[in-house]
$ cat input_33.cif   # mmCIF, N, CA and C atoms and all ligand atoms
data_structure
loop_
_atom_site.label_atom_id
_atom_site.label_comp_id
_atom_site.auth_asym_id
_atom_site.auth_seq_id
_atom_site.Cartn_x
_atom_site.Cartn_y
_atom_site.Cartn_z
N MET M 1 0.85 -1.20 0.00
CA MET M 1 0.00 0.00 0.00
C MET M 1 0.88 1.24 0.00
N THR M 2 0.78 2.03 -1.03
CA THR M 2 1.62 3.22 -1.14
C THR M 2 0.82 4.44 -0.70
N LYS M 3 1.31 5.10 0.31
CA LYS M 3 0.64 6.31 0.78
C LYS M 3 1.28 7.52 0.10
N PRO M 4 0.49 8.56 -0.12
CA PRO M 4 1.07 9.77 -0.72
C PRO M 4 2.07 10.42 0.23
N SER M 5 3.10 11.04 -0.31
CA SER M 5 4.12 11.67 0.52
C SER M 5 3.57 12.95 1.13
N LYS M 6 4.21 13.36 2.22
CA LYS M 6 3.74 14.54 2.93
C LYS M 6 3.95 15.80 2.09
N PRO M 7 3.04 16.75 2.24
CA PRO M 7 3.25 18.02 1.53
C PRO M 7 4.44 18.77 2.11
N LEU M 8 5.03 19.62 1.30
CA LEU M 8 6.25 20.33 1.69
C LEU M 8 6.03 21.23 2.90
N GLU M 9 4.86 21.83 2.99
CA GLU M 9 4.62 22.77 4.09
C GLU M 9 4.56 22.08 5.44
N ALA M 10 4.36 20.77 5.46
CA ALA M 10 4.36 20.03 6.71
C ALA M 10 5.79 19.88 7.24
N LYS M 11 6.75 19.94 6.35
CA LYS M 11 8.15 19.87 6.76
C LYS M 11 8.68 21.29 6.95
N GLY M 12 9.93 21.40 7.28
CA GLY M 12 10.55 22.72 7.30
C GLY M 12 10.56 23.39 8.65
N CYS M 13 9.48 23.25 9.46
CA CYS M 13 9.47 23.95 10.75
C CYS M 13 10.48 23.32 11.71
N GLY M 14 10.96 22.13 11.40
CA GLY M 14 11.89 21.46 12.29
C GLY M 14 13.33 21.90 12.10
N CYS M 15 13.63 22.42 10.92
CA CYS M 15 15.02 22.79 10.65
C CYS M 15 15.33 24.18 11.20
N GLY M 16 16.57 24.44 11.48
CA GLY M 16 16.98 25.74 12.00
C GLY M 16 16.58 25.94 13.45
N LEU M 17 16.27 24.83 14.13
CA LEU M 17 15.80 24.92 15.52
C LEU M 17 16.91 25.45 16.43
N THR M 18 18.11 24.97 16.18
CA THR M 18 19.24 25.43 16.99
C THR M 18 19.43 26.93 16.84
N ILE M 19 19.30 27.41 15.61
CA ILE M 19 19.44 28.85 15.34
C ILE M 19 18.38 29.62 16.12
N VAL M 20 17.16 29.06 16.16
CA VAL M 20 16.05 29.70 16.87
C VAL M 20 16.38 29.80 18.35
N VAL M 21 16.87 28.69 18.92
CA VAL M 21 17.21 28.68 20.35
C VAL M 21 18.25 29.75 20.64
N VAL M 22 19.32 29.77 19.84
CA VAL M 22 20.40 30.74 20.04
C VAL M 22 19.88 32.16 19.85
N ALA M 23 19.04 32.34 18.84
CA ALA M 23 18.50 33.68 18.54
C ALA M 23 17.63 34.18 19.68
N ILE M 24 16.77 33.31 20.20
CA ILE M 24 15.89 33.70 21.32
C ILE M 24 16.74 34.04 22.54
N ALA M 25 17.70 33.17 22.85
CA ALA M 25 18.58 33.38 24.00
C ALA M 25 19.35 34.68 23.82
N TYR M 26 19.84 34.93 22.61
CA TYR M 26 20.62 36.13 22.32
C TYR M 26 19.76 37.38 22.50
N VAL M 27 18.55 37.37 21.94
CA VAL M 27 17.65 38.53 22.00
C VAL M 27 17.28 38.82 23.45
N LEU M 28 16.95 37.75 24.19
CA LEU M 28 16.57 37.92 25.61
C LEU M 28 17.73 38.50 26.41
N ALA M 29 18.92 37.99 26.20
CA ALA M 29 20.10 38.44 26.94
C ALA M 29 20.48 39.86 26.55
N LYS M 30 20.39 40.14 25.27
CA LYS M 30 20.87 41.42 24.73
C LYS M 30 19.89 42.56 25.00
N PHE M 31 18.61 42.33 24.73
CA PHE M 31 17.63 43.42 24.78
C PHE M 31 16.81 43.44 26.06
N PHE M 32 16.68 42.29 26.70
CA PHE M 32 15.86 42.25 27.91
C PHE M 32 16.72 42.03 29.16
N HIS M 33 18.04 42.00 28.96
CA HIS M 33 19.00 41.88 30.06
C HIS M 33 18.71 40.67 30.94
N VAL M 34 18.28 39.59 30.28
CA VAL M 34 18.04 38.33 30.99
C VAL M 34 19.39 37.63 31.13
N PRO M 35 19.71 37.08 32.33
CA PRO M 35 20.99 36.36 32.47
C PRO M 35 21.11 35.23 31.45
N GLY M 36 22.31 35.02 30.96
CA GLY M 36 22.57 34.07 29.88
C GLY M 36 21.92 32.71 30.07
N GLY M 37 22.10 32.13 31.28
CA GLY M 37 21.56 30.79 31.54
C GLY M 37 20.05 30.77 31.45
N VAL M 38 19.40 31.78 32.02
CA VAL M 38 17.94 31.86 32.00
C VAL M 38 17.46 32.05 30.56
N ALA M 39 18.14 32.96 29.84
CA ALA M 39 17.78 33.23 28.45
C ALA M 39 17.88 31.95 27.62
N PHE M 40 18.96 31.19 27.87
CA PHE M 40 19.14 29.94 27.14
C PHE M 40 18.03 28.96 27.50
N GLY M 41 17.67 28.93 28.80
CA GLY M 41 16.59 28.04 29.27
C GLY M 41 15.28 28.37 28.58
N ILE M 42 14.97 29.66 28.50
CA ILE M 42 13.74 30.09 27.82
C ILE M 42 13.80 29.70 26.35
N GLY M 43 14.97 29.93 25.76
CA GLY M 43 15.15 29.57 24.34
C GLY M 43 14.88 28.09 24.10
N VAL M 44 15.44 27.25 25.00
CA VAL M 44 15.22 25.80 24.87
C VAL M 44 13.75 25.48 25.07
N GLY M 45 13.11 26.15 26.05
CA GLY M 45 11.69 25.94 26.31
C GLY M 45 10.84 26.24 25.09
N VAL M 46 11.12 27.39 24.49
CA VAL M 46 10.38 27.78 23.28
C VAL M 46 10.64 26.77 22.16
N ALA M 47 11.91 26.33 22.07
CA ALA M 47 12.26 25.37 21.03
C ALA M 47 11.52 24.05 21.24
N VAL M 48 11.41 23.62 22.51
CA VAL M 48 10.68 22.37 22.81
C VAL M 48 9.22 22.52 22.38
N LEU M 49 8.64 23.69 22.71
CA LEU M 49 7.27 23.97 22.26
C LEU M 49 7.20 23.91 20.74
N GLY M 50 8.23 24.46 20.10
CA GLY M 50 8.30 24.44 18.64
C GLY M 50 8.33 23.02 18.10
N VAL M 51 9.13 22.16 18.78
CA VAL M 51 9.22 20.75 18.36
C VAL M 51 7.87 20.07 18.52
N VAL M 52 7.22 20.33 19.67
CA VAL M 52 5.90 19.74 19.92
C VAL M 52 4.93 20.20 18.83
N ALA M 53 4.94 21.52 18.55
CA ALA M 53 4.07 22.07 17.52
C ALA M 53 4.38 21.44 16.17
N TYR M 54 5.67 21.21 15.93
CA TYR M 54 6.10 20.61 14.67
C TYR M 54 5.53 19.21 14.52
N TYR M 55 5.61 18.41 15.60
CA TYR M 55 5.12 17.03 15.51
C TYR M 55 3.60 16.98 15.45
N VAL M 56 2.95 17.92 16.16
CA VAL M 56 1.49 18.02 16.08
C VAL M 56 1.09 18.33 14.64
N ASN M 57 1.83 19.26 14.05
CA ASN M 57 1.59 19.67 12.66
C ASN M 57 1.79 18.48 11.71
N GLU M 58 2.89 17.74 11.94
CA GLU M 58 3.19 16.55 11.14
C GLU M 58 2.05 15.55 11.25
N PHE M 59 1.60 15.35 12.49
CA PHE M 59 0.54 14.40 12.77
C PHE M 59 -0.74 14.81 12.05
N LYS M 60 -1.07 16.09 12.16
CA LYS M 60 -2.26 16.62 11.50
C LYS M 60 -2.17 16.45 9.99
N ALA M 61 -0.99 16.81 9.44
CA ALA M 61 -0.79 16.72 7.99
C ALA M 61 -0.98 15.28 7.53
N GLN M 62 -0.44 14.33 8.31
CA GLN M 62 -0.56 12.92 7.94
C GLN M 62 -2.01 12.47 8.05
N LYS M 63 -2.71 12.99 9.07
CA LYS M 63 -4.12 12.67 9.25
C LYS M 63 -4.94 13.12 8.04
N ILE M 64 -4.66 14.36 7.60
CA ILE M 64 -5.38 14.92 6.46
C ILE M 64 -5.09 14.07 5.22
N LEU M 65 -3.82 13.70 5.05
CA LEU M 65 -3.44 12.89 3.89
C LEU M 65 -4.12 11.54 3.94
N ASP M 66 -4.14 10.93 5.15
CA ASP M 66 -4.80 9.64 5.31
C ASP M 66 -6.28 9.76 4.96
N HIS M 67 -6.87 10.87 5.42
CA HIS M 67 -8.28 11.10 5.18
C HIS M 67 -8.55 11.23 3.68
N GLU M 68 -7.70 12.01 3.00
CA GLU M 68 -7.85 12.19 1.55
C GLU M 68 -7.65 10.86 0.83
N TYR M 69 -6.68 10.09 1.34
CA TYR M 69 -6.37 8.79 0.76
C TYR M 69 -7.57 7.86 0.88
N GLU M 70 -8.18 7.85 2.07
CA GLU M 70 -9.37 7.03 2.30
C GLU M 70 -10.51 7.46 1.38
N GLN M 71 -10.66 8.78 1.25
CA GLN M 71 -11.73 9.31 0.40
C GLN M 71 -11.52 8.88 -1.04
N THR M 72 -10.27 8.93 -1.49
CA THR M 72 -9.96 8.53 -2.86
C THR M 72 -10.29 7.06 -3.06
N LYS M 73 -9.97 6.26 -2.04
CA LYS M 73 -10.26 4.83 -2.13
C LYS M 73 -11.76 4.59 -2.19
N GLN M 74 -12.51 5.41 -1.43
CA GLN M 74 -13.96 5.23 -1.39
C GLN M 74 -14.62 5.71 -2.68
N LEU M 75 -13.99 6.68 -3.33
CA LEU M 75 -14.58 7.24 -4.54
C LEU M 75 -14.51 6.25 -5.70
N GLN M 76 -13.48 5.42 -5.72
CA GLN M 76 -13.28 4.51 -6.84
C GLN M 76 -14.40 3.48 -7.00
N PRO M 77 -14.82 2.79 -5.91
CA PRO M 77 -15.94 1.86 -6.08
C PRO M 77 -17.23 2.56 -6.49
N ALA M 78 -17.40 3.80 -6.05
CA ALA M 78 -18.60 4.56 -6.39
C ALA M 78 -18.68 4.78 -7.89
N ALA M 79 -17.51 5.04 -8.50
CA ALA M 79 -17.46 5.25 -9.95
C ALA M 79 -17.82 3.96 -10.68
N LYS M 80 -17.38 2.84 -10.10
CA LYS M 80 -17.67 1.55 -10.71
C LYS M 80 -19.17 1.26 -10.66
N GLU M 81 -19.78 1.67 -9.56
CA GLU M 81 -21.21 1.46 -9.40
C GLU M 81 -21.98 2.23 -10.48
N GLU M 82 -21.43 3.39 -10.83
CA GLU M 82 -22.06 4.19 -11.87
C GLU M 82 -22.00 3.42 -13.21
N ASP M 83 -20.87 2.74 -13.42
CA ASP M 83 -20.74 1.95 -14.65
C ASP M 83 -21.80 0.85 -14.70
N ARG M 84 -22.07 0.26 -13.54
CA ARG M 84 -23.02 -0.84 -13.47
C ARG M 84 -24.46 -0.36 -13.70
N ASP M 85 -24.62 0.97 -13.73
CA ASP M 85 -25.95 1.49 -14.02
C ASP M 85 -26.30 1.34 -15.49
N GLU M 86 -25.37 0.81 -16.25
CA GLU M 86 -25.65 0.55 -17.66
C GLU M 86 -25.97 -0.93 -17.83
N VAL M 87 -27.05 -1.19 -18.49
CA VAL M 87 -27.48 -2.58 -18.69
C VAL M 87 -27.73 -2.80 -20.18
N PRO M 88 -27.65 -4.05 -20.63
CA PRO M 88 -27.96 -4.29 -22.04
C PRO M 88 -29.47 -4.22 -22.27
N CYS M 89 -29.82 -3.65 -23.40
CA CYS M 89 -31.23 -3.56 -23.77
C CYS M 89 -31.75 -4.99 -24.02
N PRO M 90 -32.88 -5.37 -23.43
CA PRO M 90 -33.41 -6.73 -23.62
C PRO M 90 -33.86 -7.00 -25.06
N TYR M 91 -34.00 -5.96 -25.85
CA TYR M 91 -34.48 -6.14 -27.23
C TYR M 91 -33.34 -6.18 -28.25
N CYS M 92 -32.39 -5.21 -28.12
CA CYS M 92 -31.32 -5.17 -29.12
C CYS M 92 -29.95 -5.49 -28.54
N GLY M 93 -29.83 -5.56 -27.20
CA GLY M 93 -28.56 -5.92 -26.59
C GLY M 93 -27.57 -4.78 -26.46
N GLU M 94 -27.88 -3.62 -26.99
CA GLU M 94 -26.99 -2.47 -26.86
C GLU M 94 -27.00 -1.97 -25.41
N THR M 95 -25.90 -1.39 -24.98
CA THR M 95 -25.81 -0.90 -23.61
C THR M 95 -26.62 0.38 -23.46
N ILE M 96 -27.49 0.37 -22.51
CA ILE M 96 -28.32 1.55 -22.22
C ILE M 96 -28.31 1.79 -20.72
N LEU M 97 -28.74 2.95 -20.28
CA LEU M 97 -28.81 3.26 -18.85
C LEU M 97 -29.94 2.48 -18.22
N ARG M 98 -29.66 2.04 -16.97
CA ARG M 98 -30.67 1.26 -16.24
C ARG M 98 -31.97 2.06 -16.06
N VAL M 99 -31.79 3.39 -15.92
CA VAL M 99 -32.97 4.23 -15.66
C VAL M 99 -33.71 4.59 -16.94
N ALA M 100 -33.17 4.17 -18.10
CA ALA M 100 -33.80 4.54 -19.37
C ALA M 100 -35.19 3.93 -19.48
N LYS M 101 -36.10 4.72 -20.02
CA LYS M 101 -37.47 4.23 -20.24
C LYS M 101 -37.64 3.75 -21.69
N LYS M 102 -36.67 4.25 -22.51
CA LYS M 102 -36.77 3.91 -23.92
C LYS M 102 -35.36 3.66 -24.43
N CYS M 103 -35.14 2.59 -25.17
CA CYS M 103 -33.82 2.29 -25.70
C CYS M 103 -33.46 3.31 -26.78
N LYS M 104 -32.24 3.87 -26.63
CA LYS M 104 -31.82 4.88 -27.61
C LYS M 104 -31.34 4.23 -28.91
N HIS M 105 -31.19 2.92 -28.90
CA HIS M 105 -30.69 2.24 -30.10
C HIS M 105 -31.84 1.68 -30.94
N CYS M 106 -32.77 0.99 -30.28
CA CYS M 106 -33.85 0.37 -31.05
C CYS M 106 -35.21 1.00 -30.78
N GLN M 107 -35.22 2.02 -29.92
CA GLN M 107 -36.43 2.78 -29.57
C GLN M 107 -37.49 1.94 -28.85
N SER M 108 -37.13 0.76 -28.35
CA SER M 108 -38.10 -0.05 -27.63
C SER M 108 -38.42 0.58 -26.29
N MET M 109 -39.68 0.50 -25.88
CA MET M 109 -40.09 0.99 -24.57
C MET M 109 -39.65 -0.03 -23.53
N LEU M 110 -39.01 0.44 -22.46
CA LEU M 110 -38.44 -0.46 -21.47
C LEU M 110 -39.15 -0.40 -20.12
N GLU M 111 -40.20 0.36 -20.03
CA GLU M 111 -40.90 0.50 -18.75
C GLU M 111 -41.47 -0.84 -18.32
N LEU M 112 -41.26 -1.14 -17.04
CA LEU M 112 -41.76 -2.40 -16.50
C LEU M 112 -43.18 -2.24 -16.00
ZN ZN M 201 -32.64 -1.59 -27.70
#

$ encode --input "input_33.cif" --output "structure tokens"
Amino acid sequence: MTKPSKPLEAKGCGCGLTIVVVAIAYVLAKFFHVPGGVAFGIGVGVAVLGVVAYYVNEFKAQKILDHEYEQTKQLQPAAKEEDRDEVPCPYCGETILRVAKKCKHCQSMLEL
């Protein structure tokens, strides 16, 4: 069973995480005069939240894909059922719609 690959937007939020941690720690230390260790701690905290958000996002994206995949699978038999709505005309044997009241090939009335 081949599942569709994840969309690109579901990826990407995970990369550059280290840069984010350093950037947050740097901004906090530089502009808010937060002690280095605390700033780094906050940076890591935010990064952890980011990772959690990233995996939640991944999970959601996969859920949506699975859902679309299921829908696609369900749509295929439905299309086949539509095909089965065609039956051979009892008079001329040509394929006609099951709901037809009159054969389009031999003009026979088909009402039961
Ligand atoms: Zn016919």

$ closest_atom_pairs --input "input_33.cif" --of "chain M" --to "ligand ZN 201 (chain M)" --cutoff "6 Å" --atoms "only N, CA and C atoms and all ligand atoms" --output "JSON lines"
{"residue": "M:Cys89", "atom": "CA", "partner": "M:ZN201", "partner_atom": "ZN", "distance": 4.6}
{"residue": "M:Pro90", "atom": "N", "partner": "M:ZN201", "partner_atom": "ZN", "distance": 5.7}
{"residue": "M:Tyr91", "atom": "C", "partner": "M:ZN201", "partner_atom": "ZN", "distance": 4.7}
{"residue": "M:Cys92", "atom": "N", "partner": "M:ZN201", "partner_atom": "ZN", "distance": 3.7}
{"residue": "M:Gly93", "atom": "N", "partner": "M:ZN201", "partner_atom": "ZN", "distance": 4.9}
{"residue": "M:Glu94", "atom": "N", "partner": "M:ZN201", "partner_atom": "ZN", "distance": 5.2}
{"residue": "M:Cys103", "atom": "CA", "partner": "M:ZN201", "partner_atom": "ZN", "distance": 4.5}
{"residue": "M:Lys104", "atom": "N", "partner": "M:ZN201", "partner_atom": "ZN", "distance": 5.6}
{"residue": "M:His105", "atom": "C", "partner": "M:ZN201", "partner_atom": "ZN", "distance": 4.7}
{"residue": "M:Cys106", "atom": "N", "partner": "M:ZN201", "partner_atom": "ZN", "distance": 3.7}
{"residue": "M:Gln107", "atom": "N", "partner": "M:ZN201", "partner_atom": "ZN", "distance": 5.0}
{"residue": "M:Ser108", "atom": "N", "partner": "M:ZN201", "partner_atom": "ZN", "distance": 5.1}

$ write_last_selection --input "input_33.cif" --atoms "N, CA and C atoms" --output "PDB file, in the coordinates of the input"
ATOM      1  N   CYS M  89     -29.820  -3.650 -23.400  1.00  0.00           N
ATOM      2  CA  CYS M  89     -31.230  -3.560 -23.770  1.00  0.00           C
ATOM      3  C   CYS M  89     -31.750  -4.990 -24.020  1.00  0.00           C
ATOM      4  N   PRO M  90     -32.880  -5.370 -23.430  1.00  0.00           N
ATOM      5  CA  PRO M  90     -33.410  -6.730 -23.620  1.00  0.00           C
ATOM      6  C   PRO M  90     -33.860  -7.000 -25.060  1.00  0.00           C
ATOM      7  N   TYR M  91     -34.000  -5.960 -25.850  1.00  0.00           N
ATOM      8  CA  TYR M  91     -34.480  -6.140 -27.230  1.00  0.00           C
ATOM      9  C   TYR M  91     -33.340  -6.180 -28.250  1.00  0.00           C
ATOM     10  N   CYS M  92     -32.390  -5.210 -28.120  1.00  0.00           N
ATOM     11  CA  CYS M  92     -31.320  -5.170 -29.120  1.00  0.00           C
ATOM     12  C   CYS M  92     -29.950  -5.490 -28.540  1.00  0.00           C
ATOM     13  N   GLY M  93     -29.830  -5.560 -27.200  1.00  0.00           N
ATOM     14  CA  GLY M  93     -28.560  -5.920 -26.590  1.00  0.00           C
ATOM     15  C   GLY M  93     -27.570  -4.780 -26.460  1.00  0.00           C
ATOM     16  N   GLU M  94     -27.880  -3.620 -26.990  1.00  0.00           N
ATOM     17  CA  GLU M  94     -26.990  -2.470 -26.860  1.00  0.00           C
ATOM     18  C   GLU M  94     -27.000  -1.970 -25.410  1.00  0.00           C
ATOM     19  N   CYS M 103     -35.140   2.590 -25.170  1.00  0.00           N
ATOM     20  CA  CYS M 103     -33.820   2.290 -25.700  1.00  0.00           C
ATOM     21  C   CYS M 103     -33.460   3.310 -26.780  1.00  0.00           C
ATOM     22  N   LYS M 104     -32.240   3.870 -26.630  1.00  0.00           N
ATOM     23  CA  LYS M 104     -31.820   4.880 -27.610  1.00  0.00           C
ATOM     24  C   LYS M 104     -31.340   4.230 -28.910  1.00  0.00           C
ATOM     25  N   HIS M 105     -31.190   2.920 -28.900  1.00  0.00           N
ATOM     26  CA  HIS M 105     -30.690   2.240 -30.100  1.00  0.00           C
ATOM     27  C   HIS M 105     -31.840   1.680 -30.940  1.00  0.00           C
ATOM     28  N   CYS M 106     -32.770   0.990 -30.280  1.00  0.00           N
ATOM     29  CA  CYS M 106     -33.850   0.370 -31.050  1.00  0.00           C
ATOM     30  C   CYS M 106     -35.210   1.000 -30.780  1.00  0.00           C
ATOM     31  N   GLN M 107     -35.220   2.020 -29.920  1.00  0.00           N
ATOM     32  CA  GLN M 107     -36.430   2.780 -29.570  1.00  0.00           C
ATOM     33  C   GLN M 107     -37.490   1.940 -28.850  1.00  0.00           C
ATOM     34  N   SER M 108     -37.130   0.760 -28.350  1.00  0.00           N
ATOM     35  CA  SER M 108     -38.100  -0.050 -27.630  1.00  0.00           C
ATOM     36  C   SER M 108     -38.420   0.580 -26.290  1.00  0.00           C
TER      37      SER M 108
END

$ closest_residue --input "input_33.cif" --among "M:Ala47, M:Leu110, M:Ile64, M:Ala53" --to "Gly16 of chain M" --atoms "only C-alpha atoms"
M:Ala47

$ atom_distance --input "input_33.cif" --atom1 "atom C of Val44 of chain M" --atom2 "atom CA of Ala29 of chain M"
14.6 Å
